[in-house]
Amino acid sequence: MQNRSGKEIRELFIEFWKEKSSAHYPSFSLIPDDPSLLFTIAGMVPFKMYYLGLKTPPSTRAVTCQKCVRTNDIENVGRTARHHTFFEMLGNFSWGDYFKKEAIAWSWEFLTACIGLDPSRLYASIYKDDTEALDAWRALRLPEERIKRFDMDENYWFMSETGPCGPCSEIYYDRGEKYGCGAPDCGVGCDCDRYMEIWNLVFTQYDRQKDGSLAPLPRKNIDTGMGLERLTSVVQGVDTDYDTDLFMPLIRHTCKRANINYGTSAKNDLSVRVIVDHIRAVVFMLSDGVLPSNDGPGYVLRRLLRRAARYGRLLGFEGEFLCEYMPVLIDTMGDVYPDLVENRATIEEIINVEEARFDKTLSQGMDIFDSAVKSLRSSGAFETGGENILSGDVAFTLYDTFGFPFELTCEMAFEEGINVDKEGFDKAMQAQRERARAGSKQKKTSLSGDIYTELANNIPATVFTGYDKSSDDANIAALISGGESVDSIDESDAEFELVLSATPFYAERGGEVGDTGTIKTDRAVIEVLNVTPKGGLSIHSARLLSGTVAVGDRALSEVDDERRSAIRRNHSATHLLHEALSRVLGRHVRQAGSLLNDTFLRFDFTHHEAMTQSQIDEAENIVNAQALANTLLLVEERDREEARSLGAKALFDEKYGAVVRVVSVPGFSVELCGGLHVRSTGDIGLFKITREEGIGSGTRRITAVTGMNSLKTLQSNSALMSRVFGVLSADETNIESRLENIIDENKRLQRTIKEAQAKELTLRAGDVFVKKEIKGLTLLTGKFSGASIDSLRELGDGAKAKHSPVVVVMASVQEGLDCALLVMADDAAVKRGVNAGSLVKEATVILGGRGGGKANTAQGGGKDAGKLDEALSKIESLLNAV
């Protein structure tokens, strides 16, 4: 067998199936068009609609090398030979074309003739009752003893409880005795590493009914999947996927940086494998538009990045290091995935920001974790066989305050022989959600057909004529009411949906809102409220103003052109803004979302810090200079790769076809865009940024206005300033100094008040504290009204100087029912086991709040001051237990 690179194997697979008349599709995005999945987890996911029969494939045969991410067993990554988060799946597909006989024969041909695997080391498994697959393998003269028959649990594939399903046949490679377990019954299906599954051929031929029965599908399909990393390890004759040339350049970089040798330390090897696996996943997720967040795909991204960063610290890495892998990844994979090259600056920017943010809290979080582990060990639980459980509150603090994903805390605890109280963590998390009134945004729905899918299969796609027209004649192709197709609508003021054979109304997409306007027939007047795209159809949300409308009626559509013109201005302005930001802030800037309506534009972009006023001004100046130049826009259709070669910007997570629409401001910007635009930049009018803000890790948002809306904004601001001048008896020449004087005077008065409060408290110190002796400890407790924390801290310092060992507990009831709590302990008290942070944490729970801190000083508060006495009693009881 010839030793081949992973790159060669990928190319051979694609070319082999192209020779079998399969259409080659470049890898689809890691973010699928399927609300039931966070990521693309298999090669068939982008084709799911074809398997469900909801769409007709443009070609009956296909081949892909699909980027995939699976995260169901992240904790095993690095610990086993073949667990990965990111991997490439080689797949060939057929819809109503070739079936079992050809799929099996061609897979055998590829593995033996093309790749050169030894046929005597190949085995196959089949579903026990699948005689067709059995005959196909027999035709290849595969010995009976190397055809293994298994039950439905092992060799049957189901998409869901109902729907397409079918038997499968898996191909195994015998790696030799040295990889076996030595058991007498070791064979295909054994858990050891000897017989390795390399390819799964799924024969989708049945439709499972609700009663569990299997009805034959009218069109039989093929879906196969083979991991590139796994096949490469077989071809290259190495022990693990990590030993292949797909990973070794990354591993060599890691080992060189850490000054270690791979393969000499199991602990170091684990760290190395985790880092190189996770950085692949992180980079490809970022390249496909995933941004760090606290839920959904963004949470998985953040979890992987921080897990990699933590393992880097275990190798002795300090500071940010993950971006160092970008040149290695681009060198090994950039030719296959050019998005890595195009988005490099953005990817590096986001990784650096996210890693730096985690680095700031990593050491503090590790101190909290180590302290909790030390406390567990000192409690004697390890020695007595008690429950070694890390508090859910500690895990939540690590998550909420220090950014440790819960799974990372669990993994660190596992390394220490400790479990984590997940129930306690979930309870703390739920309490936080209730406080913030933030529910989960993740929708758990499945992909299935609906009325729009049914219509899309029965009527032609809507022709959009709105690039050149704001009115047009067409036929009413469909009417929808109550989720069902109807023939007519005659109820006045009824809201419904309609489809036209052709429409000038733009359907909302890419952040641009849909058009509004009217539709008139000989018998009806209809108001169009919005337009949305559904599977090639433009769905017009409408209200019947008068008359009766029926399918087949001839209709005149008229777009609200004044509103559309305002939207056009805002859309074209975002293109100018995008380029302006790239020039002002750097080429890492990428669009991360937008909203374009008739009153304002909102533009989200990747950047790590707030823009300065001078940067905002510079971006505004660049956009307005382009508007004044009054340059004619150039709009044309081009091949996608040709557009890329022109440097056209693309929406970060948008999916584009082979032919794309390119919108250019000659000499300034080029973008892929299907939206509506002005004829020339001068039509935009005045451009004014009204707000710049952060909306997430590494993501900023600009809100701006154009045209007459800019004038309205300036007029409103001018009127506001006139009122401010009147209130402050100032004008534009002295308003700044007037405000500074007012602020300085306010600060002086605040200091005077605080000094007076502190002086009064100090003078009354002997009266305000209740003194108790507890097992040789002095407890001083004081309750105050409206005192600041600074005043209490100064008072506490004075009290500590007069007693030892001493614990000072001070509570200040603010306006309403808010209560602040400050606990201070001197060094002598801490040596005796007092921990101010623990005291505050327990007491503030009673107050309906939270708090914490160090052993000497801690503070917190709550909303229920009515339970202050109970909270103070809790502290006293805790001190009694020290």
# chains A, B, ... in the order shown; residues from 1 in each chain; ligands from 1
call {"tool": "select_by_dssp", "arguments": {"residues": "segment 158-223 of chain A", "states": "strand (DSSP E or B)", "output": "PyMOL selection string"}}
result
chain A and resi 158+163-174+195-208+214-223
call {"tool": "residues_around", "arguments": {"residues": "segment 588-591 of chain A", "least_positions_apart": "5", "cutoff": "7 Å", "atoms": "only C-alpha atoms", "output": "VMD selection string"}}
result
chain A and resid 345 to 346 349 581 to 582 604 to 607 651 to 652
call {"tool": "closest_residue", "arguments": {"among": "A:Lys210, A:Arg377, A:Arg4, A:Lys100", "to": "Ser233 of chain A", "atoms": "only C-alpha atoms"}}
result
A:Arg4
call {"tool": "select_by_dssp", "arguments": {"residues": "segment 223-448 of chain A", "states": "helix (DSSP H, G or I)", "output": "compact mmCIF listing (two decimals) with N, CA and C atoms, in the first residue's frame"}}
result
# COMPACT_ATOMS: atom_id res chain seq x y z
N LEU A 228 -12.04 11.17 7.22
CA LEU A 228 -10.76 11.34 6.54
C LEU A 228 -9.60 11.03 7.49
N GLU A 229 -9.72 11.49 8.73
CA GLU A 229 -8.63 11.28 9.70
C GLU A 229 -8.40 9.80 9.96
N ARG A 230 -9.49 9.04 10.08
CA ARG A 230 -9.39 7.62 10.38
C ARG A 230 -8.79 6.85 9.19
N LEU A 231 -9.28 7.12 7.98
CA LEU A 231 -8.74 6.46 6.81
C LEU A 231 -7.26 6.80 6.63
N THR A 232 -6.90 8.04 6.88
CA THR A 232 -5.50 8.47 6.74
C THR A 232 -4.59 7.71 7.71
N SER A 233 -5.08 7.46 8.92
CA SER A 233 -4.27 6.72 9.90
C SER A 233 -4.00 5.29 9.42
N VAL A 234 -4.99 4.69 8.74
CA VAL A 234 -4.80 3.34 8.19
C VAL A 234 -3.79 3.37 7.06
N VAL A 235 -3.96 4.30 6.13
CA VAL A 235 -3.08 4.39 4.97
C VAL A 235 -1.64 4.68 5.39
N ASP A 241 -5.07 8.74 14.98
CA ASP A 241 -5.34 9.83 14.03
C ASP A 241 -4.35 10.97 14.23
N TYR A 242 -3.96 11.19 15.49
CA TYR A 242 -3.07 12.31 15.81
C TYR A 242 -1.67 12.13 15.22
N ASP A 243 -1.32 10.88 14.88
CA ASP A 243 0.00 10.60 14.31
C ASP A 243 0.04 10.82 12.80
N MET A 248 0.10 16.21 12.76
CA MET A 248 1.48 16.30 13.22
C MET A 248 2.11 17.69 13.06
N PRO A 249 1.80 18.46 12.01
CA PRO A 249 2.37 19.82 11.96
C PRO A 249 1.94 20.66 13.17
N LEU A 250 0.70 20.50 13.60
CA LEU A 250 0.21 21.22 14.78
C LEU A 250 0.87 20.69 16.05
N ILE A 251 1.04 19.37 16.11
CA ILE A 251 1.68 18.75 17.28
C ILE A 251 3.14 19.18 17.39
N ARG A 252 3.84 19.19 16.26
CA ARG A 252 5.25 19.60 16.28
C ARG A 252 5.38 21.05 16.76
N HIS A 253 4.48 21.91 16.29
CA HIS A 253 4.51 23.32 16.74
C HIS A 253 4.32 23.40 18.26
N THR A 254 3.36 22.63 18.78
CA THR A 254 3.07 22.66 20.21
C THR A 254 4.26 22.18 21.02
N CYS A 255 4.84 21.07 20.60
CA CYS A 255 5.96 20.49 21.34
C CYS A 255 7.19 21.40 21.31
N LYS A 256 7.42 22.02 20.16
CA LYS A 256 8.55 22.95 20.06
C LYS A 256 8.36 24.12 21.00
N ARG A 257 7.15 24.63 21.07
CA ARG A 257 6.88 25.77 21.95
C ARG A 257 7.01 25.38 23.42
N ALA A 258 6.58 24.15 23.75
CA ALA A 258 6.61 23.69 25.13
C ALA A 258 7.95 23.06 25.51
N ALA A 266 2.48 10.80 29.10
CA ALA A 266 1.04 10.67 28.84
C ALA A 266 0.31 11.96 29.19
N LYS A 267 0.73 12.61 30.28
CA LYS A 267 0.07 13.84 30.70
C LYS A 267 0.29 14.94 29.68
N ASN A 268 1.54 15.12 29.23
CA ASN A 268 1.82 16.15 28.23
C ASN A 268 1.15 15.83 26.89
N ASP A 269 1.16 14.54 26.51
CA ASP A 269 0.53 14.15 25.25
C ASP A 269 -0.96 14.49 25.24
N LEU A 270 -1.62 14.28 26.39
CA LEU A 270 -3.04 14.63 26.49
C LEU A 270 -3.24 16.12 26.22
N SER A 271 -2.44 16.96 26.86
CA SER A 271 -2.56 18.41 26.66
C SER A 271 -2.33 18.78 25.21
N VAL A 272 -1.31 18.17 24.60
CA VAL A 272 -0.99 18.48 23.20
C VAL A 272 -2.16 18.11 22.29
N ARG A 273 -2.72 16.92 22.48
CA ARG A 273 -3.81 16.46 21.61
C ARG A 273 -5.06 17.32 21.78
N VAL A 274 -5.37 17.69 23.01
CA VAL A 274 -6.54 18.55 23.23
C VAL A 274 -6.37 19.87 22.50
N ILE A 275 -5.19 20.47 22.63
CA ILE A 275 -4.96 21.78 22.01
C ILE A 275 -5.10 21.70 20.49
N VAL A 276 -4.43 20.71 19.87
CA VAL A 276 -4.44 20.67 18.40
C VAL A 276 -5.82 20.28 17.86
N ASP A 277 -6.56 19.45 18.59
CA ASP A 277 -7.92 19.14 18.15
C ASP A 277 -8.80 20.38 18.26
N HIS A 278 -8.76 21.03 19.41
CA HIS A 278 -9.68 22.14 19.66
C HIS A 278 -9.38 23.36 18.79
N ILE A 279 -8.10 23.60 18.50
CA ILE A 279 -7.82 24.79 17.69
C ILE A 279 -8.36 24.61 16.28
N ARG A 280 -8.37 23.39 15.77
CA ARG A 280 -8.99 23.14 14.46
C ARG A 280 -10.48 23.49 14.51
N ALA A 281 -11.15 23.01 15.54
CA ALA A 281 -12.59 23.28 15.66
C ALA A 281 -12.84 24.78 15.82
N VAL A 282 -12.08 25.43 16.69
CA VAL A 282 -12.27 26.87 16.95
C VAL A 282 -12.09 27.68 15.68
N VAL A 283 -11.04 27.42 14.94
CA VAL A 283 -10.74 28.21 13.74
C VAL A 283 -11.82 28.01 12.68
N PHE A 284 -12.24 26.76 12.45
CA PHE A 284 -13.25 26.53 11.42
C PHE A 284 -14.62 27.06 11.84
N MET A 285 -14.94 27.00 13.13
CA MET A 285 -16.21 27.56 13.60
C MET A 285 -16.22 29.08 13.40
N LEU A 286 -15.11 29.74 13.75
CA LEU A 286 -15.02 31.19 13.55
C LEU A 286 -15.09 31.54 12.07
N SER A 287 -14.44 30.74 11.24
CA SER A 287 -14.45 31.00 9.80
C SER A 287 -15.86 30.91 9.22
N GLY A 296 -25.86 28.30 22.76
CA GLY A 296 -25.82 27.83 21.38
C GLY A 296 -24.42 27.51 20.88
N PRO A 297 -24.19 27.60 19.57
CA PRO A 297 -22.87 27.29 19.01
C PRO A 297 -21.76 28.15 19.61
N GLY A 298 -22.09 29.39 19.94
CA GLY A 298 -21.09 30.29 20.52
C GLY A 298 -20.57 29.82 21.86
N TYR A 299 -21.43 29.13 22.63
CA TYR A 299 -20.99 28.60 23.92
C TYR A 299 -20.03 27.43 23.71
N VAL A 300 -20.33 26.59 22.73
CA VAL A 300 -19.44 25.47 22.42
C VAL A 300 -18.08 26.01 21.98
N LEU A 301 -18.09 27.02 21.13
CA LEU A 301 -16.84 27.65 20.68
C LEU A 301 -16.04 28.15 21.87
N ARG A 302 -16.70 28.89 22.75
CA ARG A 302 -16.00 29.44 23.93
C ARG A 302 -15.47 28.32 24.82
N ARG A 303 -16.27 27.28 24.98
CA ARG A 303 -15.84 26.16 25.82
C ARG A 303 -14.58 25.50 25.25
N LEU A 304 -14.54 25.27 23.94
CA LEU A 304 -13.39 24.63 23.32
C LEU A 304 -12.16 25.53 23.40
N LEU A 305 -12.33 26.81 23.14
CA LEU A 305 -11.20 27.72 23.18
C LEU A 305 -10.61 27.79 24.59
N ARG A 306 -11.47 27.86 25.59
CA ARG A 306 -10.97 27.97 26.96
C ARG A 306 -10.38 26.65 27.45
N ARG A 307 -10.92 25.54 26.98
CA ARG A 307 -10.34 24.26 27.35
C ARG A 307 -8.94 24.14 26.75
N ALA A 308 -8.77 24.57 25.51
CA ALA A 308 -7.45 24.55 24.89
C ALA A 308 -6.49 25.48 25.63
N ALA A 309 -6.97 26.67 26.00
CA ALA A 309 -6.12 27.62 26.73
C ALA A 309 -5.68 27.05 28.06
N ARG A 310 -6.58 26.38 28.76
CA ARG A 310 -6.24 25.79 30.06
C ARG A 310 -5.20 24.69 29.91
N TYR A 311 -5.32 23.85 28.88
CA TYR A 311 -4.31 22.82 28.66
C TYR A 311 -2.98 23.41 28.24
N GLY A 312 -3.01 24.58 27.60
CA GLY A 312 -1.76 25.27 27.30
C GLY A 312 -1.04 25.70 28.56
N ARG A 313 -1.81 26.15 29.56
CA ARG A 313 -1.20 26.53 30.84
C ARG A 313 -0.55 25.32 31.50
N LEU A 314 -1.16 24.14 31.33
CA LEU A 314 -0.58 22.93 31.91
C LEU A 314 0.76 22.58 31.26
N LEU A 322 -2.87 30.77 21.12
CA LEU A 322 -3.65 29.98 20.17
C LEU A 322 -3.57 30.50 18.74
N CYS A 323 -3.38 31.81 18.57
CA CYS A 323 -3.29 32.36 17.21
C CYS A 323 -2.03 31.89 16.48
N GLU A 324 -1.06 31.38 17.23
CA GLU A 324 0.17 30.90 16.60
C GLU A 324 -0.09 29.72 15.67
N TYR A 325 -1.25 29.08 15.82
CA TYR A 325 -1.56 27.91 15.01
C TYR A 325 -2.15 28.28 13.64
N MET A 326 -2.54 29.54 13.47
CA MET A 326 -3.16 29.94 12.20
C MET A 326 -2.25 29.70 10.99
N PRO A 327 -0.98 30.10 11.03
CA PRO A 327 -0.12 29.83 9.86
C PRO A 327 0.01 28.34 9.55
N VAL A 328 0.04 27.50 10.59
CA VAL A 328 0.16 26.06 10.38
C VAL A 328 -1.11 25.53 9.71
N LEU A 329 -2.28 25.96 10.20
CA LEU A 329 -3.54 25.51 9.63
C LEU A 329 -3.71 25.98 8.19
N ILE A 330 -3.33 27.22 7.93
CA ILE A 330 -3.44 27.76 6.57
C ILE A 330 -2.50 27.00 5.64
N ASP A 331 -1.31 26.67 6.12
CA ASP A 331 -0.35 25.94 5.29
C ASP A 331 -0.86 24.55 4.94
N THR A 332 -1.55 23.89 5.88
CA THR A 332 -1.99 22.51 5.65
C THR A 332 -3.39 22.41 5.05
N MET A 333 -4.25 23.43 5.26
CA MET A 333 -5.65 23.30 4.84
C MET A 333 -6.17 24.51 4.07
N ASP A 339 -11.56 30.04 2.85
CA ASP A 339 -12.14 30.95 3.84
C ASP A 339 -11.18 31.18 5.00
N LEU A 340 -10.32 30.21 5.31
CA LEU A 340 -9.35 30.39 6.38
C LEU A 340 -8.42 31.56 6.07
N VAL A 341 -8.03 31.66 4.80
CA VAL A 341 -7.13 32.73 4.37
C VAL A 341 -7.88 34.06 4.36
N GLU A 342 -9.08 34.05 3.79
CA GLU A 342 -9.86 35.28 3.67
C GLU A 342 -10.24 35.86 5.03
N ARG A 344 -8.69 35.28 7.95
CA ARG A 344 -7.60 35.11 8.93
C ARG A 344 -7.55 36.25 9.95
N ALA A 345 -7.59 37.47 9.48
CA ALA A 345 -7.48 38.61 10.41
C ALA A 345 -8.62 38.61 11.43
N THR A 346 -9.82 38.30 10.96
CA THR A 346 -10.97 38.26 11.87
C THR A 346 -10.84 37.13 12.88
N ILE A 347 -10.44 35.95 12.39
CA ILE A 347 -10.29 34.80 13.28
C ILE A 347 -9.25 35.09 14.36
N GLU A 348 -8.12 35.63 13.97
CA GLU A 348 -7.05 35.92 14.92
C GLU A 348 -7.49 36.97 15.94
N GLU A 349 -8.20 37.96 15.48
CA GLU A 349 -8.67 39.02 16.37
C GLU A 349 -9.58 38.45 17.45
N ILE A 350 -10.55 37.63 17.05
CA ILE A 350 -11.51 37.09 18.01
C ILE A 350 -10.83 36.13 18.97
N ILE A 351 -9.94 35.28 18.46
CA ILE A 351 -9.23 34.35 19.34
C ILE A 351 -8.41 35.12 20.37
N ASN A 352 -7.70 36.15 19.93
CA ASN A 352 -6.87 36.92 20.86
C ASN A 352 -7.70 37.58 21.95
N VAL A 353 -8.82 38.17 21.56
CA VAL A 353 -9.69 38.85 22.53
C VAL A 353 -10.25 37.85 23.53
N GLU A 354 -10.77 36.74 23.03
CA GLU A 354 -11.40 35.75 23.91
C GLU A 354 -10.37 35.09 24.82
N GLU A 355 -9.19 34.79 24.29
CA GLU A 355 -8.16 34.15 25.11
C GLU A 355 -7.64 35.12 26.17
N ALA A 356 -7.45 36.39 25.79
CA ALA A 356 -6.96 37.39 26.75
C ALA A 356 -7.97 37.59 27.88
N ARG A 357 -9.24 37.59 27.51
CA ARG A 357 -10.29 37.78 28.54
C ARG A 357 -10.27 36.61 29.53
N PHE A 358 -10.12 35.40 29.02
CA PHE A 358 -10.09 34.24 29.90
C PHE A 358 -8.80 34.21 30.73
N ASP A 359 -7.70 34.66 30.12
CA ASP A 359 -6.42 34.65 30.82
C ASP A 359 -6.46 35.53 32.07
N LYS A 360 -7.22 36.62 32.00
CA LYS A 360 -7.31 37.53 33.14
C LYS A 360 -7.95 36.88 34.35
N THR A 361 -8.86 35.96 34.10
CA THR A 361 -9.60 35.35 35.21
C THR A 361 -9.16 33.93 35.52
N LEU A 362 -8.30 33.35 34.64
CA LEU A 362 -7.92 31.95 34.80
C LEU A 362 -7.20 31.71 36.13
N SER A 363 -6.21 32.57 36.43
CA SER A 363 -5.45 32.37 37.67
C SER A 363 -6.34 32.52 38.89
N GLN A 364 -7.21 33.56 38.88
CA GLN A 364 -8.11 33.76 40.02
C GLN A 364 -9.05 32.58 40.18
N GLY A 365 -9.58 32.11 39.05
CA GLY A 365 -10.49 30.97 39.11
C GLY A 365 -9.81 29.72 39.61
N MET A 366 -8.57 29.50 39.18
CA MET A 366 -7.83 28.33 39.65
C MET A 366 -7.56 28.41 41.14
N ASP A 367 -7.34 29.63 41.65
CA ASP A 367 -7.15 29.80 43.10
C ASP A 367 -8.42 29.40 43.85
N ILE A 368 -9.58 29.81 43.32
CA ILE A 368 -10.85 29.44 43.95
C ILE A 368 -11.03 27.93 43.92
N PHE A 369 -10.73 27.33 42.77
CA PHE A 369 -10.88 25.88 42.63
C PHE A 369 -9.93 25.14 43.57
N ASP A 370 -8.66 25.55 43.57
CA ASP A 370 -7.67 24.88 44.42
C ASP A 370 -8.03 25.01 45.89
N SER A 371 -8.56 26.18 46.27
CA SER A 371 -8.97 26.39 47.66
C SER A 371 -10.11 25.46 48.04
N ALA A 372 -11.07 25.29 47.10
CA ALA A 372 -12.21 24.40 47.37
C ALA A 372 -11.75 22.95 47.49
N VAL A 373 -10.82 22.54 46.64
CA VAL A 373 -10.29 21.17 46.71
C VAL A 373 -9.53 20.97 48.01
N LYS A 374 -8.74 21.96 48.40
CA LYS A 374 -7.99 21.89 49.65
C LYS A 374 -8.93 21.76 50.83
N SER A 375 -10.03 22.51 50.77
CA SER A 375 -11.02 22.46 51.86
C SER A 375 -11.66 21.07 51.94
N LEU A 376 -11.95 20.48 50.76
CA LEU A 376 -12.51 19.12 50.75
C LEU A 376 -11.54 18.11 51.35
N ARG A 377 -10.27 18.26 50.99
CA ARG A 377 -9.27 17.32 51.51
C ARG A 377 -9.11 17.47 53.02
N SER A 378 -9.13 18.72 53.49
CA SER A 378 -8.94 18.94 54.92
C SER A 378 -10.15 18.51 55.74
N ALA A 381 -13.00 14.01 54.04
CA ALA A 381 -13.89 13.18 53.21
C ALA A 381 -13.11 12.15 52.41
N PHE A 382 -11.90 12.54 51.92
CA PHE A 382 -11.11 11.62 51.12
C PHE A 382 -10.67 10.40 51.95
N GLU A 383 -10.25 10.69 53.18
CA GLU A 383 -9.74 9.61 54.00
C GLU A 383 -10.83 8.71 54.55
N THR A 384 -12.00 9.27 54.81
CA THR A 384 -13.08 8.50 55.43
C THR A 384 -14.00 7.86 54.43
N GLY A 392 -21.91 22.99 44.13
CA GLY A 392 -22.48 23.59 42.92
C GLY A 392 -22.34 25.09 42.92
N ASP A 393 -22.33 25.71 44.11
CA ASP A 393 -22.15 27.16 44.20
C ASP A 393 -20.75 27.55 43.76
N VAL A 394 -19.74 26.73 44.12
CA VAL A 394 -18.37 27.01 43.69
C VAL A 394 -18.28 26.88 42.16
N ALA A 395 -18.88 25.83 41.63
CA ALA A 395 -18.87 25.64 40.18
C ALA A 395 -19.55 26.80 39.47
N PHE A 396 -20.64 27.30 40.06
CA PHE A 396 -21.35 28.42 39.43
C PHE A 396 -20.52 29.70 39.52
N THR A 397 -19.85 29.92 40.65
CA THR A 397 -18.99 31.09 40.78
C THR A 397 -17.88 31.05 39.73
N LEU A 398 -17.29 29.88 39.52
CA LEU A 398 -16.26 29.73 38.49
C LEU A 398 -16.82 30.03 37.10
N TYR A 399 -18.04 29.61 36.88
CA TYR A 399 -18.71 29.85 35.58
C TYR A 399 -19.07 31.32 35.42
N ASP A 400 -19.76 31.86 36.42
CA ASP A 400 -20.37 33.18 36.31
C ASP A 400 -19.36 34.31 36.45
N PHE A 406 -18.87 24.97 32.76
CA PHE A 406 -19.14 23.95 33.79
C PHE A 406 -18.40 22.66 33.48
N GLU A 407 -18.35 22.30 32.20
CA GLU A 407 -17.70 21.06 31.82
C GLU A 407 -16.20 21.09 32.12
N LEU A 408 -15.60 22.29 32.02
CA LEU A 408 -14.18 22.42 32.34
C LEU A 408 -13.95 22.21 33.83
N THR A 409 -14.84 22.76 34.66
CA THR A 409 -14.74 22.54 36.10
C THR A 409 -14.89 21.06 36.42
N CYS A 410 -15.83 20.38 35.76
CA CYS A 410 -16.02 18.94 35.98
C CYS A 410 -14.76 18.17 35.62
N GLU A 411 -14.13 18.57 34.51
CA GLU A 411 -12.93 17.87 34.07
C GLU A 411 -11.79 18.06 35.07
N MET A 412 -11.61 19.30 35.56
CA MET A 412 -10.57 19.55 36.55
C MET A 412 -10.85 18.78 37.83
N ALA A 413 -12.12 18.72 38.22
CA ALA A 413 -12.50 17.98 39.43
C ALA A 413 -12.21 16.49 39.26
N PHE A 414 -12.51 15.96 38.08
CA PHE A 414 -12.25 14.55 37.79
C PHE A 414 -10.77 14.22 37.97
N GLU A 415 -9.92 15.15 37.51
CA GLU A 415 -8.48 14.95 37.65
C GLU A 415 -8.06 14.89 39.12
N LYS A 422 -23.85 18.90 40.28
CA LYS A 422 -24.53 19.49 39.12
C LYS A 422 -25.89 20.06 39.48
N GLU A 423 -26.59 19.37 40.38
CA GLU A 423 -27.92 19.85 40.78
C GLU A 423 -27.80 21.23 41.43
N GLY A 424 -26.77 21.39 42.28
CA GLY A 424 -26.55 22.69 42.91
C GLY A 424 -26.18 23.75 41.89
N PHE A 425 -25.36 23.36 40.90
CA PHE A 425 -24.98 24.30 39.84
C PHE A 425 -26.21 24.72 39.05
N ASP A 426 -27.03 23.74 38.67
CA ASP A 426 -28.24 24.05 37.89
C ASP A 426 -29.18 24.97 38.67
N LYS A 427 -29.27 24.74 39.98
CA LYS A 427 -30.14 25.57 40.82
C LYS A 427 -29.64 27.02 40.84
N ALA A 428 -28.32 27.19 40.98
CA ALA A 428 -27.75 28.54 40.97
C ALA A 428 -27.92 29.20 39.61
N MET A 429 -27.77 28.42 38.56
CA MET A 429 -27.96 28.95 37.22
C MET A 429 -29.39 29.39 36.99
N GLN A 430 -30.34 28.58 37.45
CA GLN A 430 -31.74 28.91 37.29
C GLN A 430 -32.10 30.17 38.06
N ALA A 431 -31.53 30.29 39.26
CA ALA A 431 -31.79 31.49 40.07
C ALA A 431 -31.30 32.74 39.34
N GLN A 432 -30.14 32.63 38.70
CA GLN A 432 -29.62 33.77 37.95
C GLN A 432 -30.53 34.11 36.78
N ARG A 433 -31.01 33.08 36.09
CA ARG A 433 -31.90 33.31 34.95
C ARG A 433 -33.19 33.98 35.38
N GLU A 434 -33.69 33.56 36.51
CA GLU A 434 -34.93 34.16 37.01
C GLU A 434 -34.70 35.62 37.39
N ARG A 435 -33.52 35.89 37.96
CA ARG A 435 -33.23 37.28 38.32
C ARG A 435 -33.14 38.14 37.08
N ALA A 436 -32.54 37.60 36.04
CA ALA A 436 -32.37 38.37 34.80
C ALA A 436 -33.58 38.27 33.89
call {"tool": "residues_around", "arguments": {"residues": "Ile875 of chain A", "least_positions_apart": "6", "cutoff": "9 Å", "atoms": "only C-alpha atoms", "output": "list in words"}}
result
Val809, Leu839, Val840, Glu842 and Ala843 of chain A
call {"tool": "residues_around", "arguments": {"residues": "segment 22-24 of chain A", "least_positions_apart": "3", "cutoff": "8 Å", "atoms": "only C-alpha atoms", "output": "list in words"}}
result
Ile14, Trp17, Lys18, Glu19, Ser59, Thr60, Arg61, Ala62, Val63, Thr64 and Asn92 of chain A
call {"tool": "residues_around", "arguments": {"residues": "Val549 of chain A", "least_positions_apart": "2", "cutoff": "6 Å", "atoms": "only C-alpha atoms", "output": "list in words"}}
result
Ser488, Ile489 and Ala524 of chain A
call {"tool": "residues_around", "arguments": {"residues": "Asn734 of chain A", "least_positions_apart": "5", "cutoff": "10 Å", "atoms": "only C-alpha atoms", "output": "list in words"}}
result
Phe725, Ser729 and Leu739 of chain A
call {"tool": "write_last_selection", "arguments": {"atoms": "N, CA, C and O atoms", "output": "short mmCIF file (atom, residue, chain, number, x, y, z; two decimals), in the first residue's frame"}}
result
data_model
loop_
_atom_site.label_atom_id
_atom_site.label_comp_id
_atom_site.auth_asym_id
_atom_site.auth_seq_id
_atom_site.Cartn_x
_atom_site.Cartn_y
_atom_site.Cartn_z
N PHE A 725 -28.50 74.47 27.12
CA PHE A 725 -27.89 75.79 27.29
C PHE A 725 -28.72 76.66 28.21
O PHE A 725 -28.21 77.37 29.08
N SER A 729 -27.51 78.00 31.75
CA SER A 729 -27.10 79.39 31.49
C SER A 729 -25.74 79.42 30.80
O SER A 729 -24.79 80.08 31.26
N LEU A 739 -20.10 72.51 32.83
CA LEU A 739 -20.41 71.16 33.31
C LEU A 739 -19.30 70.63 34.23
O LEU A 739 -19.57 70.00 35.24
#
call {"tool": "atom_distance", "arguments": {"atom1": "atom CA of Ser697 of chain A", "atom2": "atom CA of Pro292 of chain A"}}
result
6.2 Å
call {"tool": "atom_distance", "arguments": {"atom1": "atom CA of Met611 of chain A", "atom2": "atom CA of Gly586 of chain A"}}
result
12.0 Å
call {"tool": "atom_distance", "arguments": {"atom1": "atom CA of Lys148 of chain A", "atom2": "atom CA of Ser169 of chain A"}}
result
9.5 Å
